[in-house]
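Trainee: My structure is stored as coords08.pdb, with PDB, C-alpha atoms.
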```
MODEL        1
ATOM      1  CA  MET Z   1     -15.103 -20.975  16.692
ATOM      2  CA  ALA Z   2     -18.187 -21.120  18.922
ATOM      3  CA  GLN Z   3     -21.618 -20.220  17.577
ATOM      4  CA  VAL Z   4     -21.454 -16.792  15.982
ATOM      5  CA  LYS Z   5     -23.785 -14.341  17.692
ATOM      6  CA  ASN Z   6     -21.955 -11.004  17.875
ATOM      7  CA  ILE Z   7     -20.319  -9.653  14.710
ATOM      8  CA  THR Z   8     -18.225  -6.485  14.515
ATOM      9  CA  ILE Z   9     -17.764  -4.772  11.141
ATOM     10  CA  VAL Z  10     -14.728  -2.548  10.566
ATOM     11  CA  LEU Z  11     -14.831  -0.174   7.597
ATOM     12  CA  LYS Z  12     -12.205   1.390   5.374
ATOM     13  CA  PRO Z  13     -11.637   4.926   6.697
ATOM     14  CA  LYS Z  14     -13.057   8.082   5.089
ATOM     15  CA  VAL Z  15     -15.141   6.302   2.445
ATOM     16  CA  THR Z  16     -18.936   6.506   2.133
ATOM     17  CA  SER Z  17     -19.975   5.949  -1.482
ATOM     18  CA  GLU Z  18     -18.546   2.405  -1.642
ATOM     19  CA  PHE Z  19     -20.794   1.321   1.228
ATOM     20  CA  GLU Z  20     -24.088   3.010   0.259
ATOM     21  CA  SER Z  21     -25.812  -0.127  -1.006
ATOM     22  CA  ILE Z  22     -23.812  -3.017   0.358
ATOM     23  CA  LEU Z  23     -23.648  -2.043   4.021
ATOM     24  CA  PRO Z  24     -27.387  -1.623   4.748
ATOM     25  CA  ASN Z  25     -27.976  -4.896   2.875
ATOM     26  CA  LEU Z  26     -25.324  -6.679   4.934
ATOM     27  CA  ALA Z  27     -26.646  -5.369   8.255
ATOM     28  CA  SER Z  28     -30.199  -6.381   7.318
ATOM     29  CA  TRP Z  29     -28.977  -9.789   6.107
ATOM     30  CA  LEU Z  30     -27.208 -10.427   9.434
ATOM     31  CA  HIS Z  31     -30.185  -9.164  11.463
ATOM     32  CA  ARG Z  32     -32.506 -11.639   9.701
ATOM     33  CA  ARG Z  33     -30.144 -14.371  10.859
ATOM     34  CA  LYS Z  34     -30.483 -13.104  14.429
ATOM     35  CA  LYS Z  35     -26.942 -11.751  14.640
ATOM     36  CA  THR Z  36     -26.042  -8.714  16.734
ATOM     37  CA  VAL Z  37     -24.127  -6.219  14.601
ATOM     38  CA  PHE Z  38     -21.510  -3.830  15.996
ATOM     39  CA  PHE Z  39     -19.511  -1.013  14.430
ATOM     40  CA  LEU Z  40     -16.774   1.150  15.898
ATOM     41  CA  SER Z  41     -18.140   4.108  17.858
ATOM     42  CA  LYS Z  42     -16.145   6.548  15.743
ATOM     43  CA  GLU Z  43     -18.244   5.507  12.712
ATOM     44  CA  LYS Z  44     -21.563   6.764  14.122
ATOM     45  CA  GLU Z  45     -21.715   9.903  11.972
ATOM     46  CA  ARG Z  46     -20.822   8.042   8.769
ATOM     47  CA  LEU Z  47     -23.308   5.259   9.510
ATOM     48  CA  THR Z  48     -26.080   7.758  10.189
ATOM     49  CA  LYS Z  49     -25.672   8.904   6.576
ATOM     50  CA  LEU Z  50     -25.394   5.385   5.173
ATOM     51  CA  PHE Z  51     -28.444   4.091   7.063
ATOM     52  CA  LYS Z  52     -30.391   7.346   6.579
ATOM     53  CA  GLY Z  53     -30.653   7.845  10.323
ATOM     54  CA  ASP Z  54     -32.129   4.392  11.076
ATOM     55  CA  LEU Z  55     -29.649   2.814  13.509
ATOM     56  CA  LYS Z  56     -32.127   0.849  15.615
ATOM     57  CA  ASN Z  57     -30.455  -2.518  14.914
ATOM     58  CA  ILE Z  58     -26.906  -1.139  15.021
ATOM     59  CA  ASN Z  59     -24.665  -1.298  18.094
ATOM     60  CA  PHE Z  60     -21.343   0.385  18.751
ATOM     61  CA  VAL Z  61     -18.093  -0.578  20.440
ATOM     62  CA  GLU Z  62     -15.008   1.447  21.326
ATOM     63  CA  GLU Z  63     -11.957   0.693  19.192
ATOM     64  CA  LYS Z  64      -9.903  -0.345  22.237
ATOM     65  CA  ASN Z  65     -12.528  -3.057  22.907
ATOM     66  CA  LEU Z  66     -12.756  -4.229  19.295
ATOM     67  CA  HIS Z  67     -11.402  -7.714  20.014
ATOM     68  CA  ASP Z  68     -13.521  -8.287  23.123
ATOM     69  CA  ASN Z  69     -16.974  -9.873  23.344
ATOM     70  CA  THR Z  70     -17.332 -10.520  19.617
ATOM     71  CA  ASP Z  71     -17.375 -13.828  17.750
ATOM     72  CA  LEU Z  72     -16.328 -12.637  14.301
ATOM     73  CA  ILE Z  73     -14.769  -9.482  12.842
ATOM     74  CA  ILE Z  74     -15.599  -8.506   9.263
ATOM     75  CA  THR Z  75     -13.228  -6.000   7.676
ATOM     76  CA  MET Z  76     -14.528  -4.131   4.629
ATOM     77  CA  GLY Z  77     -11.955  -2.191   2.658
ATOM     78  CA  GLY Z  78      -8.677  -3.670   1.534
ATOM     79  CA  ASP Z  79      -5.498  -5.210   2.877
ATOM     80  CA  GLY Z  80      -4.756  -2.036   4.830
ATOM     81  CA  THR Z  81      -8.054  -2.232   6.727
ATOM     82  CA  LEU Z  82      -7.439  -5.862   7.638
ATOM     83  CA  ILE Z  83      -3.828  -5.194   8.649
ATOM     84  CA  GLY Z  84      -4.904  -2.345  10.922
ATOM     85  CA  VAL Z  85      -7.237  -4.698  12.787
ATOM     86  CA  SER Z  86      -4.718  -7.556  12.846
ATOM     87  CA  ARG Z  87      -1.902  -5.519  14.387
ATOM     88  CA  ASN Z  88      -3.812  -5.244  17.673
ATOM     89  CA  VAL Z  89      -5.159  -8.785  18.064
ATOM     90  CA  LYS Z  90      -5.192 -10.484  21.451
ATOM     91  CA  LYS Z  91      -4.970 -14.139  22.441
ATOM     92  CA  SER Z  92      -8.763 -14.207  22.727
ATOM     93  CA  SER Z  93      -9.405 -12.370  19.437
ATOM     94  CA  PRO Z  94     -11.969 -13.896  17.067
ATOM     95  CA  PRO Z  95     -11.238 -14.822  13.438
ATOM     96  CA  ILE Z  96     -11.304 -12.088  10.786
ATOM     97  CA  PHE Z  97     -13.387 -12.291   7.614
ATOM     98  CA  GLY Z  98     -11.704  -9.939   5.134
ATOM     99  CA  VAL Z  99     -13.797  -8.393   2.342
ATOM    100  CA  ASN Z 100     -12.001  -6.468  -0.394
ATOM    101  CA  MET Z 101     -14.024  -3.493  -1.597
ATOM    102  CA  GLY Z 102     -11.666  -2.533  -4.406
ATOM    103  CA  HIS Z 103      -9.360  -4.469  -6.695
ATOM    104  CA  LEU Z 104      -7.804  -7.811  -5.883
ATOM    105  CA  GLY Z 105      -6.470  -7.942  -2.345
ATOM    106  CA  PHE Z 106      -3.623 -10.183  -1.299
ATOM    107  CA  ILE Z 107      -4.600 -10.795   2.326
ATOM    108  CA  THR Z 108      -8.315 -10.020   2.143
ATOM    109  CA  GLU Z 109      -9.787 -13.336   1.040
ATOM    110  CA  PHE Z 110     -13.224 -12.360  -0.316
ATOM    111  CA  SER Z 111     -14.416  -9.950  -3.003
ATOM    112  CA  LYS Z 112     -17.416  -7.674  -2.488
ATOM    113  CA  VAL Z 113     -19.406  -9.516  -5.168
ATOM    114  CA  GLU Z 114     -19.072 -13.026  -3.760
ATOM    115  CA  PHE Z 115     -18.757 -12.884  -0.007
ATOM    116  CA  PHE Z 116     -22.386 -13.427   1.066
ATOM    117  CA  ASP Z 117     -22.363 -17.143   0.184
ATOM    118  CA  GLN Z 118     -19.005 -17.615   1.910
ATOM    119  CA  LEU Z 119     -20.185 -15.679   4.964
ATOM    120  CA  GLU Z 120     -23.289 -17.884   5.146
ATOM    121  CA  GLU Z 121     -21.076 -20.960   5.283
ATOM    122  CA  THR Z 122     -18.876 -19.334   7.924
ATOM    123  CA  LEU Z 123     -21.888 -18.607  10.143
ATOM    124  CA  ARG Z 124     -22.855 -22.270   9.817
ATOM    125  CA  GLY Z 125     -19.394 -23.301  10.991
ATOM    126  CA  ASN Z 126     -18.191 -24.467   7.577
ATOM    127  CA  TYR Z 127     -14.858 -22.672   7.187
ATOM    128  CA  LYS Z 128     -11.096 -23.058   7.308
ATOM    129  CA  LEU Z 129      -8.583 -20.773   8.993
ATOM    130  CA  THR Z 130      -5.313 -19.291   7.823
ATOM    131  CA  THR Z 131      -2.910 -18.347  10.614
ATOM    132  CA  LEU Z 132      -0.418 -15.502  10.172
ATOM    133  CA  SER Z 133       2.350 -14.467  12.543
ATOM    134  CA  LEU Z 134       2.732 -11.068  14.150
ATOM    135  CA  TYR Z 135       6.103  -9.455  14.808
ATOM    136  CA  GLN Z 136       7.015  -7.167  17.690
ATOM    137  CA  VAL Z 137       9.075  -3.993  17.535
ATOM    138  CA  GLU Z 138      10.675  -2.723  20.751
ATOM    139  CA  VAL Z 139      12.664   0.480  21.143
ATOM    140  CA  PHE Z 140      15.193   0.630  23.988
ATOM    141  CA  LYS Z 141      16.781   3.673  25.591
ATOM    142  CA  LYS Z 142      19.395   3.025  28.268
ATOM    143  CA  GLY Z 143      18.065  -0.519  28.667
ATOM    144  CA  LYS Z 144      14.433   0.517  29.140
ATOM    145  CA  VAL Z 145      11.628  -0.104  26.654
ATOM    146  CA  ILE Z 146      10.163   3.225  25.524
ATOM    147  CA  PHE Z 147       8.004   1.944  22.647
ATOM    148  CA  LYS Z 148       6.301  -1.309  21.672
ATOM    149  CA  GLY Z 149       4.414  -2.028  18.485
ATOM    150  CA  ASN Z 150       3.430  -4.881  16.189
ATOM    151  CA  PHE Z 151       3.512  -5.404  12.445
ATOM    152  CA  LEU Z 152       1.959  -7.999  10.174
ATOM    153  CA  ASN Z 153       3.516  -6.942   6.852
ATOM    154  CA  ASP Z 154       6.680  -4.970   7.449
ATOM    155  CA  LEU Z 155       8.754  -2.535   9.441
ATOM    156  CA  VAL Z 156      10.428   0.255   7.438
ATOM    157  CA  ILE Z 157      13.397   2.097   8.907
ATOM    158  CA  ASN Z 158      14.564   5.275   7.203
ATOM    159  CA  ASN Z 159      15.837   8.781   7.873
ATOM    160  CA  ASN Z 160      13.347  11.177   9.428
ATOM    161  CA  GLN Z 161      14.706  13.929   7.203
ATOM    162  CA  ILE Z 162      13.704  14.246   3.574
ATOM    163  CA  SER Z 163      16.020  12.570   1.029
ATOM    164  CA  ARG Z 164      18.848  11.959   3.461
ATOM    165  CA  MET Z 165      21.020   8.868   3.551
ATOM    166  CA  LEU Z 166      21.561   7.121   6.854
ATOM    167  CA  THR Z 167      23.822   4.364   8.154
ATOM    168  CA  LEU Z 168      22.379   1.542  10.224
ATOM    169  CA  SER Z 169      24.205  -1.066  12.277
ATOM    170  CA  VAL Z 170      22.340  -4.387  11.939
ATOM    171  CA  GLU Z 171      22.829  -7.399  14.215
ATOM    172  CA  SER Z 172      21.129 -10.755  14.771
ATOM    173  CA  GLU Z 173      21.443 -12.769  17.961
ATOM    174  CA  GLY Z 174      24.379 -10.621  19.065
ATOM    175  CA  GLU Z 175      26.345 -11.044  15.833
ATOM    176  CA  HIS Z 176      27.025  -8.017  13.643
ATOM    177  CA  ILE Z 177      25.712  -8.475  10.081
ATOM    178  CA  TYR Z 178      26.645  -5.192   8.400
ATOM    179  CA  ASN Z 179      26.642  -1.425   8.527
ATOM    180  CA  LEU Z 180      24.075  -0.475   5.921
ATOM    181  CA  SER Z 181      24.384   2.911   4.224
ATOM    182  CA  GLY Z 182      21.462   3.936   2.050
ATOM    183  CA  ASP Z 183      17.877   5.130   2.199
ATOM    184  CA  GLY Z 184      16.812   2.579   4.790
ATOM    185  CA  LEU Z 185      15.894  -1.004   5.575
ATOM    186  CA  ILE Z 186      12.690  -3.065   5.267
ATOM    187  CA  ILE Z 187      12.127  -5.968   7.655
ATOM    188  CA  SER Z 188       9.348  -8.041   6.138
ATOM    189  CA  SER Z 189       7.231 -11.008   7.160
ATOM    190  CA  PRO Z 190       6.491 -13.682   4.518
ATOM    191  CA  ILE Z 191       2.979 -12.314   3.901
ATOM    192  CA  GLY Z 192       4.506  -8.838   3.554
ATOM    193  CA  SER Z 193       7.180  -9.974   1.113
ATOM    194  CA  THR Z 194       4.944  -9.037  -1.845
ATOM    195  CA  ALA Z 195       4.591  -5.431  -0.644
ATOM    196  CA  TYR Z 196       7.307  -2.768  -0.212
ATOM    197  CA  SER Z 197      10.072  -5.365   0.126
ATOM    198  CA  LEU Z 198       9.326  -6.794  -3.316
ATOM    199  CA  ALA Z 199       9.294  -3.312  -4.870
ATOM    200  CA  ALA Z 200      12.736  -2.714  -3.327
ATOM    201  CA  GLY Z 201      14.141  -5.915  -4.862
ATOM    202  CA  GLY Z 202      13.356  -8.429  -2.129
ATOM    203  CA  PRO Z 203      12.276 -12.046  -2.726
ATOM    204  CA  ILE Z 204       8.751 -13.461  -2.592
ATOM    205  CA  ILE Z 205       8.448 -15.701   0.487
ATOM    206  CA  ASN Z 206       5.642 -18.233   0.799
ATOM    207  CA  PRO Z 207       3.672 -17.540   4.021
ATOM    208  CA  LYS Z 208       4.314 -21.116   5.174
ATOM    209  CA  VAL Z 209       8.057 -20.399   5.372
ATOM    210  CA  ASN Z 210       9.247 -19.442   8.861
ATOM    211  CA  ALA Z 211      11.487 -16.547   7.887
ATOM    212  CA  ILE Z 212      11.868 -12.799   7.834
ATOM    213  CA  THR Z 213      13.513 -10.771   5.083
ATOM    214  CA  MET Z 214      15.814  -7.785   5.471
ATOM    215  CA  THR Z 215      15.728  -5.715   2.283
ATOM    216  CA  PRO Z 216      17.975  -2.639   1.927
ATOM    217  CA  ILE Z 217      16.434   0.443   0.311
ATOM    218  CA  CYS Z 218      18.788   1.941  -2.302
ATOM    219  CA  ALA Z 219      21.910   0.613  -0.598
ATOM    220  CA  HIS Z 220      25.146   2.492  -1.339
ATOM    221  CA  SER Z 221      27.052  -0.757  -1.767
ATOM    222  CA  LEU Z 222      26.739  -3.567  -4.300
ATOM    223  CA  THR Z 223      27.396  -6.141  -1.564
ATOM    224  CA  HIS Z 224      24.284  -5.308   0.471
ATOM    225  CA  ARG Z 225      21.516  -7.537  -0.833
ATOM    226  CA  PRO Z 226      18.218  -8.840   0.619
ATOM    227  CA  LEU Z 227      18.848 -11.366   3.366
ATOM    228  CA  VAL Z 228      16.448 -14.087   4.549
ATOM    229  CA  ILE Z 229      16.904 -15.323   8.119
ATOM    230  CA  PRO Z 230      14.935 -17.653  10.454
ATOM    231  CA  ASP Z 231      12.046 -15.939  12.206
ATOM    232  CA  ASN Z 232      12.982 -17.428  15.585
ATOM    233  CA  THR Z 233      15.964 -15.074  15.739
ATOM    234  CA  SER Z 234      15.951 -11.434  16.797
ATOM    235  CA  VAL Z 235      17.171  -8.496  14.729
ATOM    236  CA  THR Z 236      18.704  -5.422  16.367
ATOM    237  CA  ILE Z 237      19.119  -2.111  14.546
ATOM    238  CA  LYS Z 238      20.665   1.142  15.675
ATOM    239  CA  ALA Z 239      22.182   4.232  14.105
ATOM    240  CA  ALA Z 240      25.837   3.794  13.229
ATOM    241  CA  LYS Z 241      26.453   7.536  13.351
ATOM    242  CA  PRO Z 242      25.584  10.085  16.060
ATOM    243  CA  ASP Z 243      22.863  12.721  15.751
ATOM    244  CA  GLU Z 244      20.723  10.790  13.276
ATOM    245  CA  MET Z 245      16.926  10.791  13.663
ATOM    246  CA  ILE Z 246      15.369   7.573  12.431
ATOM    247  CA  LYS Z 247      11.723   6.955  11.572
ATOM    248  CA  LEU Z 248      10.086   3.564  12.134
ATOM    249  CA  THR Z 249       6.942   2.828  10.118
ATOM    250  CA  LEU Z 250       4.866  -0.232  10.983
ATOM    251  CA  ASP Z 251       2.701  -1.609   8.164
ATOM    252  CA  GLY Z 252       2.667   1.838   6.585
ATOM    253  CA  GLN Z 253       0.189   2.932   9.270
ATOM    254  CA  GLN Z 254       2.017   3.685  12.520
ATOM    255  CA  ALA Z 255       5.167   5.814  12.808
ATOM    256  CA  PHE Z 256       7.654   6.441  15.614
ATOM    257  CA  VAL Z 257      10.827   8.570  15.568
ATOM    258  CA  ILE Z 258      13.929   7.513  17.496
ATOM    259  CA  SER Z 259      17.340   9.051  18.076
ATOM    260  CA  SER Z 260      20.806   7.617  17.548
ATOM    261  CA  GLN Z 261      20.970   6.750  21.265
ATOM    262  CA  GLU Z 262      18.078   4.300  20.959
ATOM    263  CA  THR Z 263      18.017   0.698  19.742
ATOM    264  CA  VAL Z 264      15.355  -1.227  17.821
ATOM    265  CA  ARG Z 265      14.740  -4.943  18.330
ATOM    266  CA  VAL Z 266      12.445  -7.081  16.166
ATOM    267  CA  THR Z 267      11.163 -10.492  17.300
ATOM    268  CA  LYS Z 268       8.365 -12.829  16.320
ATOM    269  CA  LYS Z 269       5.417 -12.917  18.726
ATOM    270  CA  LYS Z 270       5.413 -16.645  19.357
ATOM    271  CA  SER Z 271       2.191 -16.827  21.367
ATOM    272  CA  LEU Z 272       0.059 -14.468  19.273
ATOM    273  CA  ASN Z 273      -1.286 -15.090  15.780
ATOM    274  CA  VAL Z 274      -3.807 -13.565  13.414
ATOM    275  CA  ARG Z 275      -6.571 -15.954  12.375
ATOM    276  CA  LEU Z 276      -8.235 -15.310   9.009
ATOM    277  CA  ILE Z 277     -11.239 -17.053   7.498
ATOM    278  CA  LYS Z 278      -9.890 -18.707   4.340
ATOM    279  CA  ASN Z 279     -11.491 -18.549   0.924
ATOM    280  CA  THR Z 280     -11.283 -22.170  -0.215
ATOM    281  CA  ASP Z 281     -11.629 -21.068  -3.839
ATOM    282  CA  ARG Z 282      -8.283 -19.238  -3.667
ATOM    283  CA  THR Z 283      -4.772 -20.629  -3.475
ATOM    284  CA  TYR Z 284      -1.548 -18.775  -2.750
ATOM    285  CA  PHE Z 285      -0.021 -19.157  -6.200
ATOM    286  CA  ARG Z 286      -3.304 -18.402  -7.993
ATOM    287  CA  THR Z 287      -3.623 -15.198  -5.985
ATOM    288  CA  LEU Z 288       0.004 -14.360  -6.721
ATOM    289  CA  LYS Z 289      -0.527 -14.712 -10.462
ATOM    290  CA  GLU Z 290      -3.792 -12.779 -10.433
ATOM    291  CA  LYS Z 291      -2.313  -9.970  -8.365
ATOM    292  CA  PHE Z 292       0.631  -9.339 -10.649
ATOM    293  CA  THR Z 293      -1.394  -9.821 -13.849
ATOM    294  CA  HIS Z 294      -3.894  -7.302 -12.513
ATOM    295  CA  GLY Z 295      -1.051  -4.915 -11.709
ATOM    296  CA  MET Z 296       0.233  -5.138 -15.272
ATOM    297  CA  ARG Z 297      -3.249  -4.385 -16.649
ATOM    298  CA  ASP Z 298      -3.481  -1.302 -14.456
ATOM    299  CA  THR Z 299      -0.299   0.141 -16.027
ATOM    300  CA  LYS Z 300      -1.611  -0.068 -19.604
TER     301      LYS Z 300
ENDMDL
END
```
Take the structure in this file and express it as structure tokens.

Mentor:
Amino acid sequence: MAQVKNITIVLKPKVTSEFESILPNLASWLHRRKKTVFFLSKEKERLTKLFKGDLKNINFVEEKNLHDNTDLIITMGGDGTLIGVSRNVKKSSPPIFGVNMGHLGFITEFSKVEFFDQLEETLRGNYKLTTLSLYQVEVFKKGKVIFKGNFLNDLVINNNQISRMLTLSVESEGEHIYNLSGDGLIISSPIGSTAYSLAAGGPIINPKVNAITMTPICAHSLTHRPLVIPDNTSVTIKAAKPDEMIKLTLDGQQAFVISSQETVRVTKKKSLNVRLIKNTDRTYFRTLKEKFTHGMRDTK
């Protein structure tokens, strides 16, 4: 990463109280280090409240230009905030410094109480990167692409009608795998294997493993189990029965409805990766243990 001059901060949506003290301090801290600070233009009203109307050292950028002309992106929220930024990265996108404003995050590397020291080191050029893969979803109708989207964590395919079973025909590289009857199917990346896929009975996949997981949701057959396949293969899904409306949900944030005449194809984006600033004090298995221990405490 070249010398960091321009920094764009992306905030968790619809939250103000969490940022009342930390955000003005962060902006002032960066300004003292002669950094130019940007926020998304849509945040102007919220920032006016947080900065009590004093926006003289604050700049704004349109969301469509988020990944342009900036040297570092800081996300402040949780895994969802970071994922939302990651899904639209470009080849020229800068690294992302993820700050978790709540409980322990799995992808966000830094907590709100410790990140200033780590950010100082990052601005000095002392950092390591973690690279995560993006996956592409294409929807075809009569051979033409009518929708394209990306996911970092997972793609969920289920019935667009409430509490209705559906049947999906699933193929990989032209070979039929099964007709899956049930509530749906989760196609998960390794980093997303600890999310919805795990809750549905899928395995935990180390992010260094080049694989994707297909996890049935409440399958109506004992023989349909989670399946791990190489991530250099494509997966094709379509309705096995006519007149079914299917909903695609990407990372729990973007939804698209298709008909039984349309086909979904999932592939890994080989030339496009998400680059995250790594917290050298955290390891994968330590985070895994802390996350699930924390989850058990929350249920007591």

Trainee: Would you kindly translate the PyMOL selection byres ((chain Z and resi 257) around 6) into the concrete residues it picks from this file, as a tab-separated table (two decimals) with C-alpha atoms, in the frame of the given file?

Mentor:
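Saved file selection22.tsv follows:
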```tsv
chain	number	residue	atom	x	y	z
Z	246	ILE	CA	15.37	7.57	12.43
Z	247	LYS	CA	11.72	6.96	11.57
Z	256	PHE	CA	7.65	6.44	15.61
Z	258	ILE	CA	13.93	7.51	17.50
```

Trainee: Extract, using only C-alpha atoms, all DNA, RNA and protein residues at most 10 Å from Gly143 (chain Z), discarding same-chain residues fewer than 3 positions from it, and format them as number ranges by chain.

Mentor: Z: 139-140, 146, 262-263

Trainee: Taking (1.1, -15.4, -7.0) in the file's own coordinates, collect the residues within 12 Å, counting all atoms listed in the file, and hand them back as a PyMOL selection string.

Mentor: chain Z and resi 104-107+191+193-194+204-207+282-295

Trainee: Listing only residues of region 114-218 of chain Z within 12 Å of region 58-72 of chain Z, what is the closest atom pair and its distance in Å (to one decimal) for each, using all atoms listed in the file, sorted by chain and residue number ascending, as a Markdown table?

Mentor:
```
| residue | atom | partner | partner_atom | distance |
| --- | --- | --- | --- | --- |
| Z:Leu119 | CA | Z:Leu72 | CA | 10.6 |
| Z:Thr122 | CA | Z:Leu72 | CA | 9.6 |
| Z:Leu123 | CA | Z:Leu72 | CA | 9.2 |
| Z:Gly125 | CA | Z:Leu72 | CA | 11.6 |
```

Trainee: Can you turn the PyMOL selection byres ((chain Z and resi 227-242) around 7) into a concrete residue list for this file, as a ChimeraX atom specification?

Mentor: /Z:167-173,210-215,225-226,243-244,260,262-268

Trainee: Interatomic distance between CA of Ile277 (chain Z) and CA of Tyr127 (chain Z)?

Mentor: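 A separation of 6.7 Å between them.
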
Trainee: Using the chain letters and numbers from the file, give me the residues hit by the PyMOL selection byres ((chain Z and resi 36) around 7), as a ChimeraX atom specification.

Mentor: /Z:5-7,31,34-35,37-38

Trainee: So what do you get for CA of Met101 (chain Z) versus CA of Gly252 (chain Z), distance-wise?

Mentor: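 CA of Gly252 (chain Z) lies 19.3 Å from CA of Met101 (chain Z).
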
Trainee: Looking at Z:Leu134, Z:Leu50, Z:Leu129, Z:Ile96, which one is nearest to Ser21 (chain Z), with distances taken over only C-alpha atoms?

Mentor: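 That would be Z:Leu50, the residue with the smallest distance to Ser21 (chain Z).
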
Trainee: Select, counting only C-alpha atoms, all protein, DNA and RNA residues no farther than 10 Å from (8.9, 4.7, 10.4) in file coordinates, and express the selection as a PyMOL selection string.

Mentor: chain Z and resi 155-160+184+246-258

Trainee: Under the rule that only C-alpha atoms are counted, which of Z:Val85, Z:Ala200, Z:Leu30, Z:Leu47 is the nearest residue to Ser188 (chain Z)?

Mentor: Z:Ala200

Trainee: Go through Z:Val4, Z:Phe147, Z:Ser271, Z:His224 one by one, measure the shortest atom-to-atom distance of each to Glu121 (chain Z) using all atoms listed in the file, and give the residue with the smallest value.

Mentor: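 Of Z:Val4, Z:Phe147, Z:Ser271, Z:His224, the one nearest Glu121 (chain Z) is Z:Val4, counting all atoms listed in the file.
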
Trainee: Please compute the CA of Pro94 (chain Z)-CA of Asp154 (chain Z) distance, one decimal, in Å.

Mentor: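 These atoms are spaced 22.8 Å apart.
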
Trainee: Can you work out which one of Z:Ile217, Z:Val209, Z:Thr280, Z:Asp183 has the shortest atom-to-atom distance to Ser197 (chain Z), counting all atoms listed in the file?

Mentor: Z:Ile217

Trainee: Calculated over all atoms listed in the file, which of the candidates Z:Arg46, Z:His103, Z:Lys91, Z:Lys112 has the smallest distance to Ile74 (chain Z)?

Mentor: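 Using all atoms listed in the file, Ile74 (chain Z) sits closest to Z:Lys112.
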
Trainee: Name the residues in contact with Leu276 (chain Z) at a cut-off of 10 Å, using all atoms listed in the file, excluding same-chain residues fewer than 5 positions from it; report them as a VMD selection string.

Mentor: chain Z and resid 73 82 86 94 to 98 107 to 109 128 to 132

Trainee: Sorted by chain and rising residue number, which residues of region 184-241 of chain Z lie within 10 Å of region 161-165 of chain Z, and what are their closest atom pairs and distances in Å to one decimal, counting all atoms listed in the file, as a tab-separated table?

Mentor:
```
residue	atom	partner	partner_atom	distance
Z:Gly184	CA	Z:Met165	CA	7.7
Z:Cys218	CA	Z:Met165	CA	9.3
Z:Ala219	CA	Z:Met165	CA	9.3
Z:His220	CA	Z:Met165	CA	9.0
```
